[in-house]
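Dumped query04.cif below, it's mmCIF, C-alpha atoms:
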```cif
data_start
loop_
_atom_site.label_atom_id
_atom_site.label_comp_id
_atom_site.auth_asym_id
_atom_site.auth_seq_id
_atom_site.Cartn_x
_atom_site.Cartn_y
_atom_site.Cartn_z
CA MET A 48 45.30 36.09 143.72
CA LYS A 49 46.08 38.23 146.78
CA ILE A 50 49.75 37.48 146.46
CA ILE A 51 49.78 38.70 142.89
CA LYS A 52 48.03 41.90 143.98
CA ASN A 53 50.63 42.48 146.69
CA PHE A 54 53.43 41.94 144.25
CA PHE A 55 51.88 44.45 141.96
CA VAL A 56 51.66 47.09 144.70
CA ILE A 57 55.26 46.49 145.72
CA PHE A 58 56.36 46.76 142.10
CA LEU A 59 54.54 50.06 141.73
CA MET A 60 56.06 51.48 144.89
CA THR A 61 59.62 50.52 144.05
CA SER A 62 59.36 51.84 140.54
CA THR A 63 57.97 55.16 141.78
CA LEU A 64 60.76 55.35 144.34
CA LEU A 65 63.40 54.55 141.77
CA PHE A 66 62.26 57.21 139.34
CA SER A 67 61.62 59.91 141.92
CA CYS A 68 65.05 59.41 143.44
CA LYS A 69 66.98 60.14 140.33
CA PRO A 70 65.28 61.60 137.24
CA LYS A 71 66.94 60.61 134.00
CA ASP A 72 69.14 63.23 132.33
CA SER A 73 66.96 63.11 129.22
CA ASP A 74 63.84 63.83 131.32
CA ILE A 75 65.57 66.72 133.06
CA GLN A 76 66.60 68.08 129.69
CA ALA A 77 63.04 67.83 128.38
CA ASN A 78 61.75 69.62 131.48
CA ILE A 79 64.26 72.43 131.13
CA GLU A 80 63.50 72.78 127.43
CA GLU A 81 59.81 72.97 128.21
CA LYS A 82 60.46 75.71 130.78
CA MET A 83 62.66 77.70 128.45
CA LYS A 84 60.30 77.70 125.49
CA SER A 85 59.96 81.44 125.99
CA MET A 86 63.71 81.85 125.49
CA PRO A 87 64.46 80.74 121.96
CA GLY A 88 68.09 80.53 120.94
CA ILE A 89 69.23 78.62 124.04
CA SER A 90 70.07 74.91 123.88
CA VAL A 91 70.32 72.61 126.88
CA THR A 92 72.28 69.45 127.50
CA VAL A 93 72.19 67.53 130.80
CA ASN A 94 74.88 65.18 132.02
CA ASP A 95 74.70 63.57 135.49
CA GLY A 96 72.38 66.32 136.66
CA VAL A 97 74.62 69.11 135.38
CA ALA A 98 72.72 71.30 132.94
CA THR A 99 74.79 73.14 130.34
CA LEU A 100 73.19 76.04 128.51
CA THR A 101 74.55 77.28 125.19
CA GLY A 102 73.35 79.80 122.64
CA GLU A 103 72.60 83.47 122.77
CA CYS A 104 70.87 85.63 125.37
CA LYS A 105 69.71 89.11 124.61
CA ASP A 106 71.27 90.56 127.78
CA GLU A 107 72.82 89.63 131.15
CA ALA A 108 69.42 89.67 132.86
CA ALA A 109 68.08 87.12 130.38
CA LYS A 110 71.17 84.97 130.97
CA ASP A 111 70.65 85.04 134.76
CA GLU A 112 66.99 84.24 134.27
CA ALA A 113 67.90 81.23 132.15
CA THR A 114 70.30 79.96 134.82
CA ALA A 115 67.72 80.38 137.58
CA SER A 116 65.04 78.78 135.52
CA ALA A 117 67.18 75.71 134.77
CA LYS A 118 68.24 75.40 138.42
CA ASP A 119 64.59 75.22 139.45
CA VAL A 120 64.03 72.02 137.51
CA LYS A 121 63.92 68.90 139.62
CA GLY A 122 67.04 66.78 139.35
CA VAL A 123 69.37 69.62 138.35
CA ASN A 124 72.40 69.72 140.63
CA SER A 125 74.16 72.61 138.97
CA VAL A 126 73.95 74.82 135.92
CA VAL A 127 76.77 75.84 133.61
CA ASN A 128 75.63 78.79 131.55
CA ASN A 129 77.83 79.20 128.48
CA CYS A 130 75.41 81.51 126.67
CA SER A 131 76.87 84.53 124.99
CA VAL A 132 75.17 87.86 125.37
CA THR A 133 74.25 89.50 122.08
CA PRO A 134 75.72 92.99 122.04
CA ALA A 135 73.12 95.73 121.68
CA PRO A 136 73.00 97.02 118.11
CA ALA A 137 74.90 100.23 117.64
CA VAL A 138 72.56 103.19 117.51
CA VAL A 139 72.57 104.46 113.95
CA GLN A 140 72.77 108.19 113.74
CA GLN A 141 69.62 109.20 111.93
CA ALA A 142 70.11 111.82 109.30
CA PRO A 143 67.45 114.52 109.28
CA VAL A 144 64.77 114.27 106.60
CA VAL A 145 65.72 116.40 103.61
CA VAL A 146 62.91 118.00 101.67
CA ASN A 147 63.85 119.72 98.43
CA ALA A 148 62.72 123.23 97.62
CA ASP A 149 59.68 123.59 95.36
CA ALA A 150 61.74 124.84 92.40
CA ALA A 151 63.96 121.76 92.44
CA LEU A 152 60.94 119.51 92.93
CA MET A 153 59.12 121.20 90.07
CA SER A 154 61.91 120.55 87.56
CA GLY A 155 62.28 116.97 88.81
CA VAL A 156 58.54 116.38 88.48
CA THR A 157 58.62 117.73 84.92
CA ASP A 158 61.35 115.23 84.03
CA ALA A 159 59.62 112.33 85.77
CA THR A 160 56.24 112.92 84.14
CA LYS A 161 57.53 113.64 80.64
CA ASP A 162 56.50 110.19 79.43
CA PHE A 163 53.08 110.39 81.11
CA PRO A 164 51.29 113.28 79.39
CA THR A 165 47.91 112.47 80.99
CA VAL A 166 49.32 113.07 84.47
CA LYS A 167 48.87 116.57 85.88
CA THR A 168 51.09 117.74 88.69
CA ASP A 169 51.25 120.47 91.25
CA VAL A 170 54.03 121.25 93.73
CA LYS A 171 53.41 123.31 96.83
CA ASP A 172 55.32 123.46 100.11
CA GLY A 173 57.17 120.27 99.25
CA VAL A 174 53.99 118.32 98.49
CA ILE A 175 53.62 116.85 95.01
CA THR A 176 49.98 116.41 94.04
CA LEU A 177 49.09 114.14 91.14
CA THR A 178 45.82 114.39 89.24
CA GLY A 179 44.66 113.21 85.83
CA ASP A 180 44.98 109.59 84.86
CA ILE A 181 47.57 106.90 84.40
CA LYS A 182 47.76 103.30 83.24
CA ARG A 183 48.10 100.89 86.14
CA ALA A 184 51.27 99.44 84.60
CA ASP A 185 52.95 102.87 84.69
CA LEU A 186 51.99 103.88 88.24
CA LYS A 187 54.84 102.10 90.01
CA ASN A 188 57.46 103.54 87.65
CA LEU A 189 56.14 107.06 88.09
CA MET A 190 56.03 106.70 91.88
CA MET A 191 59.55 105.29 91.91
CA SER A 192 60.98 108.29 90.13
CA LEU A 193 58.93 110.86 92.06
CA ASN A 194 60.06 109.33 95.36
CA THR A 195 63.71 110.02 94.53
CA LEU A 196 63.03 113.78 94.33
CA LYS A 197 62.94 114.15 98.13
CA PRO A 198 59.45 115.62 98.42
CA LYS A 199 57.70 116.11 101.74
CA LYS A 200 54.75 114.08 100.57
CA ILE A 201 53.13 112.71 97.43
CA GLU A 202 49.36 113.06 97.15
CA ASN A 203 48.20 110.53 94.61
CA LYS A 204 44.78 111.54 93.30
CA LEU A 205 45.29 109.87 89.95
CA THR A 206 42.55 107.93 88.24
CA ILE A 207 44.07 104.55 87.53
CA LYS A 208 43.01 103.00 84.24
CA MET B 299 49.34 102.31 114.99
CA SER B 300 52.57 104.02 114.13
CA LEU B 301 53.73 104.16 110.54
CA GLN B 302 56.74 102.04 111.44
CA ASP B 303 54.27 99.33 112.47
CA LYS B 304 52.12 99.77 109.38
CA TYR B 305 55.17 99.45 107.14
CA LYS B 306 57.07 96.96 109.31
CA GLN B 307 57.05 94.38 106.52
CA LEU B 308 58.66 96.92 104.19
CA ILE B 309 61.35 97.88 106.69
CA ASP B 310 62.04 94.21 107.41
CA ALA B 311 62.33 93.52 103.67
CA ALA B 312 64.78 96.41 103.31
CA ASN B 313 66.92 95.00 106.11
CA ALA B 314 66.70 91.47 104.75
CA GLY B 315 67.50 92.66 101.23
CA GLY B 316 70.79 94.16 102.38
CA VAL B 317 69.89 97.82 101.84
CA SER B 318 72.86 99.88 103.05
CA ASN B 319 72.71 103.24 104.81
CA LEU B 320 69.09 102.47 105.59
CA GLN B 321 67.37 105.38 107.30
CA VAL B 322 63.80 105.11 108.53
CA ARG B 323 62.32 108.21 110.10
CA GLU B 324 58.82 109.17 111.04
CA GLN B 325 58.15 112.87 110.81
CA GLY B 326 54.97 114.89 110.42
CA ASN B 327 52.65 111.94 109.59
CA ALA B 328 55.02 110.52 106.99
CA LEU B 329 57.60 107.79 107.01
CA TYR B 330 60.84 108.63 105.20
CA ILE B 331 62.81 105.62 104.05
CA ASP B 332 66.19 106.19 102.42
CA GLY B 333 68.91 103.76 101.47
CA SER B 334 70.89 102.07 98.81
CA ALA B 335 69.80 98.68 97.46
CA PRO B 336 72.46 96.22 96.26
CA ASP B 337 70.66 95.73 92.92
CA GLY B 338 67.62 96.65 90.88
CA ALA B 339 65.77 93.46 91.77
CA THR B 340 65.93 94.31 95.49
CA LYS B 341 64.60 97.81 94.84
CA ASP B 342 61.79 96.36 92.74
CA LYS B 343 60.92 93.87 95.46
CA LEU B 344 60.68 96.67 98.04
CA TRP B 345 58.30 98.57 95.81
CA ASP B 346 56.16 95.44 95.47
CA VAL B 347 56.02 95.09 99.26
CA TYR B 348 55.15 98.79 99.57
CA GLY B 349 52.40 98.29 96.96
CA GLN B 350 50.96 95.40 98.93
CA ILE B 351 50.68 97.47 102.12
CA ASP B 352 49.40 100.58 100.36
CA PRO B 353 47.71 99.52 97.11
CA ASP B 354 48.05 102.15 94.37
CA PHE B 355 50.18 104.30 96.72
CA ARG B 356 47.16 106.32 97.85
CA ALA B 357 47.93 106.89 101.52
CA GLY B 358 50.67 109.46 100.92
CA ASP B 359 52.34 108.54 104.20
CA VAL B 360 55.62 107.19 102.79
CA VAL B 361 58.45 108.76 100.85
CA MET B 362 60.74 105.91 99.85
CA ASN B 363 63.97 107.01 98.25
CA ILE B 364 65.81 103.75 97.64
CA ASN B 365 68.44 104.03 94.95
CA VAL B 366 70.52 101.24 93.52
CA ALA B 367 74.16 101.19 94.56
CA ALA B 368 76.19 101.84 91.44
CA SER B 369 79.74 103.04 91.15
CA GLU B 370 81.49 104.61 88.20
CA GLY B 371 82.01 102.15 85.38
CA THR B 372 78.98 100.04 86.36
CA LYS B 373 77.16 98.51 83.41
CA ALA B 374 73.48 99.29 83.32
CA LYS B 375 70.66 97.94 81.20
CA VAL B 376 68.18 100.27 79.52
CA THR B 377 64.84 99.30 81.05
CA THR B 378 62.41 101.51 79.20
CA ASP B 379 59.01 100.01 78.36
CA LYS B 380 60.02 99.42 74.76
CA THR B 381 61.21 102.74 73.43
CA ASN B 382 64.72 104.16 73.12
CA LEU B 383 66.20 106.08 76.02
CA ASN B 384 67.14 109.68 75.29
CA ILE B 385 70.68 110.74 76.00
CA ARG B 386 70.80 114.45 76.69
CA LYS B 387 73.41 117.18 76.78
CA GLY B 388 72.63 118.03 80.38
CA PRO B 389 70.64 116.62 83.32
CA GLY B 390 67.07 117.69 82.49
CA THR B 391 64.34 116.99 79.96
CA ASP B 392 64.75 120.59 78.80
CA GLN B 393 68.22 119.68 77.54
CA PRO B 394 68.78 118.83 73.87
CA ILE B 395 68.92 115.15 72.92
CA VAL B 396 72.40 114.14 71.80
CA GLY B 397 71.84 110.41 71.33
CA LYS B 398 69.71 107.36 72.03
CA ALA B 399 70.23 104.06 73.79
CA ALA B 400 68.07 101.18 72.64
CA HIS B 401 65.66 99.27 74.87
CA ASN B 402 67.63 96.51 76.67
CA GLU B 403 70.97 97.95 75.52
CA ILE B 404 73.83 97.78 78.04
CA VAL B 405 75.48 101.13 78.74
CA THR B 406 78.25 102.25 81.10
CA MET B 407 77.56 104.64 83.93
CA LEU B 408 80.26 107.31 84.12
CA SER B 409 78.94 109.27 87.10
CA LYS B 410 75.83 109.93 89.12
CA THR B 411 74.76 113.55 88.84
CA ASN B 412 71.92 112.89 91.27
CA ASP B 413 69.28 110.25 91.93
CA GLN B 414 67.47 111.23 88.73
CA TRP B 415 70.21 111.77 86.17
CA TRP B 416 73.28 109.71 85.36
CA LEU B 417 76.06 110.48 82.91
CA ILE B 418 76.35 107.43 80.67
CA LYS B 419 78.24 106.22 77.65
CA THR B 420 77.00 103.73 75.08
CA ASP B 421 79.20 101.11 73.43
CA ALA B 422 78.86 103.17 70.24
CA GLY B 423 80.59 106.02 72.08
CA GLU B 424 77.58 108.28 72.61
CA GLU B 425 77.90 110.12 75.91
CA GLY B 426 75.41 112.19 77.84
CA TYR B 427 72.79 112.28 80.58
CA ALA B 428 70.00 109.75 80.90
CA PHE B 429 67.05 109.43 83.28
CA ALA B 430 68.16 106.95 85.98
CA GLN B 431 64.68 105.47 86.40
CA TYR B 432 65.19 103.67 83.10
CA LEU B 433 68.64 102.33 83.95
CA SER B 434 69.10 99.13 85.89
CA PRO B 435 72.63 98.45 87.16
CA GLN B 436 73.81 94.96 86.30
#
```
Would you put the structure from the file into structure tokens?
Amino acid sequence: MKIIKNFFVIFLMTSTLLFSCKPKDSDIQANIEEKMKSMPGISVTVNDGVATLTGECKDEAAKDEATASAKDVKGVNSVVNNCSVTPAPAVVQQAPVVVNADAALMSGVTDATKDFPTVKTDVKDGVITLTGDIKRADLKNLMMSLNTLKPKKIENKLTIK
Amino acid sequence: MSLQDKYKQLIDAANAGGVSNLQVREQGNALYIDGSAPDGATKDKLWDVYGQIDPDFRAGDVVMNINVAASEGTKAKVTTDKTNLNIRKGPGTDQPIVGKAAHNEIVTMLSKTNDQWWLIKTDAGEEGYAFAQYLSPQ
């Protein structure tokens, strides 16, 4: 009985030693992947302790961080980081907001509400105010055409039927 | 919460839908969204998303001017409720009616006067201005 117990202890020790000496590539890969969960878009492959990172990083700092983070994982001898850095999106020149003059708005509102005689409108300082009532099915259409007039604001006080 | 956050879903949908020249600006408690949708269905979808965030469009904090990209010669369908679409001598409801296009008829857009009025021509040869809200580029 004692002999068997001893054998068992020896077996345990050798197996622990074996595994701790050289982690398997697949285990290393899993560990790196676990660590880099916060960095989606990067894939890892490990071959003989060399970790290769591919994918996209949002900037150089993120790329360096990924390299450092992979290097930290036990069993990694070196890291090859082949990630590309996504270029920052070009800043789109924002055009200023255009608000039409009341006269232009007024004539546009008249056209847009022609088919909705129960809708009353008022235009003042770029703000179109809607009162009266409208069928629910017509509301979206009316709003769609009023929104093309370039008002400052649309105050919808309509009763929806 | 900024308006861009409140309407994030709408802005995302505009980007995903391929709206070109998209401009989103927050100014004086209102969010101004301008751009050109590739088709009528995309524009419609954006209005549905807008309607989900602000039911019945009560908040008054968005002005969304999304038109549908259409070039000269584009065919457009008459999308009135069920009635005919008036074709007028000039761009305005005060202009005399010179013809009619039937509900669901396909007409040709000759030019865009503005976002409200397009110069169109029917297959029967009637030519004049029609209210763009009732025209859906094909």
Using all atoms listed in the file, I'd like a table of the residues in region 353-375 of chain B that come within 6 Å of region 393-417 of chain B; for each, show the closest atom pair and its distance in Å rounded to one decimal, ordered by chain and ascending number, as a Markdown table.
```
| residue | atom | partner | partner_atom | distance |
| --- | --- | --- | --- | --- |
| B:Glu370 | CA | B:Leu408 | CA | 5.0 |
| B:Gly371 | CA | B:Met407 | CA | 5.3 |
| B:Thr372 | CA | B:Met407 | CA | 5.4 |
| B:Lys373 | CA | B:Thr406 | CA | 4.5 |
| B:Ala374 | CA | B:Val405 | CA | 5.3 |
| B:Lys375 | CA | B:Ile404 | CA | 4.5 |
```
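Taking CA of Gly173 (chain A) as the reference point, CA of Lys200 (chain A) is found at 6.8 Å.
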What are the closest atom pairs, with distances in Å to one decimal, for all residues of chain A lying within 6 Å of chain B? Consider all atoms listed in the file, order rows by chain and residue number, and present the result as CSV.
```
residue,atom,partner,partner_atom,distance
A:Asp158,CA,B:Thr391,CA,5.3
A:Ser192,CA,B:Gln431,CA,6.0
A:Asn194,CA,B:Asn363,CA,5.4
A:Thr195,CA,B:Asn363,CA,4.8
A:Ile201,CA,B:Gly358,CA,5.4
A:Glu202,CA,B:Gly358,CA,5.4
A:Asn203,CA,B:Arg356,CA,5.4
```
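For the atom pair formed by CA of Glu103 (chain A) and CA of Val91 (chain A), the distance is 11.8 Å, given to one decimal.
Running the PyMOL selection byres ((chain B and resi 311) around 12) on this file leaves Tyr305, Lys306, Gln307, Leu308, Ile309, Asp310, Ala312, Asn313, Ala314, Gly315, Gly316, Val317, Leu320, Ala335, Thr340, Lys341, Asp342, Lys343, Leu344, Trp345, Asp346, Val347 and Tyr348 of chain B selected.
From CA of Pro134 (chain A) back to CA of Asp303 (chain B), the distance works out to 24.3 Å.
Evaluated on this file, the PyMOL selection byres ((chain A and resi 74-89) around 8) matches Pro70, Lys71, Asp72, Ser73, Ser90, Val91, Thr92, Val93, Gly96, Ala98, Leu100, Thr101, Gly102, Glu103, Cys104, Ala113, Ser116, Ala117, Val120, Lys121, Gly122, Val123 and Cys130 of chain A.
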With C-alpha atoms kept, could you save the residues just selected as a JSON list (two decimals), in the frame of the given file?
```json
[["chain", "number", "residue", "atom", "x", "y", "z"],
["A", 70, "PRO", "CA", 65.28, 61.60, 137.24],
["A", 71, "LYS", "CA", 66.94, 60.61, 134.00],
["A", 72, "ASP", "CA", 69.14, 63.23, 132.33],
["A", 73, "SER", "CA", 66.96, 63.11, 129.22],
["A", 90, "SER", "CA", 70.07, 74.91, 123.88],
["A", 91, "VAL", "CA", 70.32, 72.61, 126.88],
["A", 92, "THR", "CA", 72.28, 69.45, 127.50],
["A", 93, "VAL", "CA", 72.19, 67.53, 130.80],
["A", 96, "GLY", "CA", 72.38, 66.32, 136.66],
["A", 98, "ALA", "CA", 72.72, 71.30, 132.94],
["A", 100, "LEU", "CA", 73.19, 76.04, 128.51],
["A", 101, "THR", "CA", 74.55, 77.28, 125.19],
["A", 102, "GLY", "CA", 73.35, 79.80, 122.64],
["A", 103, "GLU", "CA", 72.60, 83.47, 122.77],
["A", 104, "CYS", "CA", 70.87, 85.63, 125.37],
["A", 113, "ALA", "CA", 67.90, 81.23, 132.15],
["A", 116, "SER", "CA", 65.04, 78.78, 135.52],
["A", 117, "ALA", "CA", 67.18, 75.71, 134.77],
["A", 120, "VAL", "CA", 64.03, 72.02, 137.51],
["A", 121, "LYS", "CA", 63.92, 68.90, 139.62],
["A", 122, "GLY", "CA", 67.04, 66.78, 139.35],
["A", 123, "VAL", "CA", 69.37, 69.62, 138.35],
["A", 130, "CYS", "CA", 75.41, 81.51, 126.67]]
```
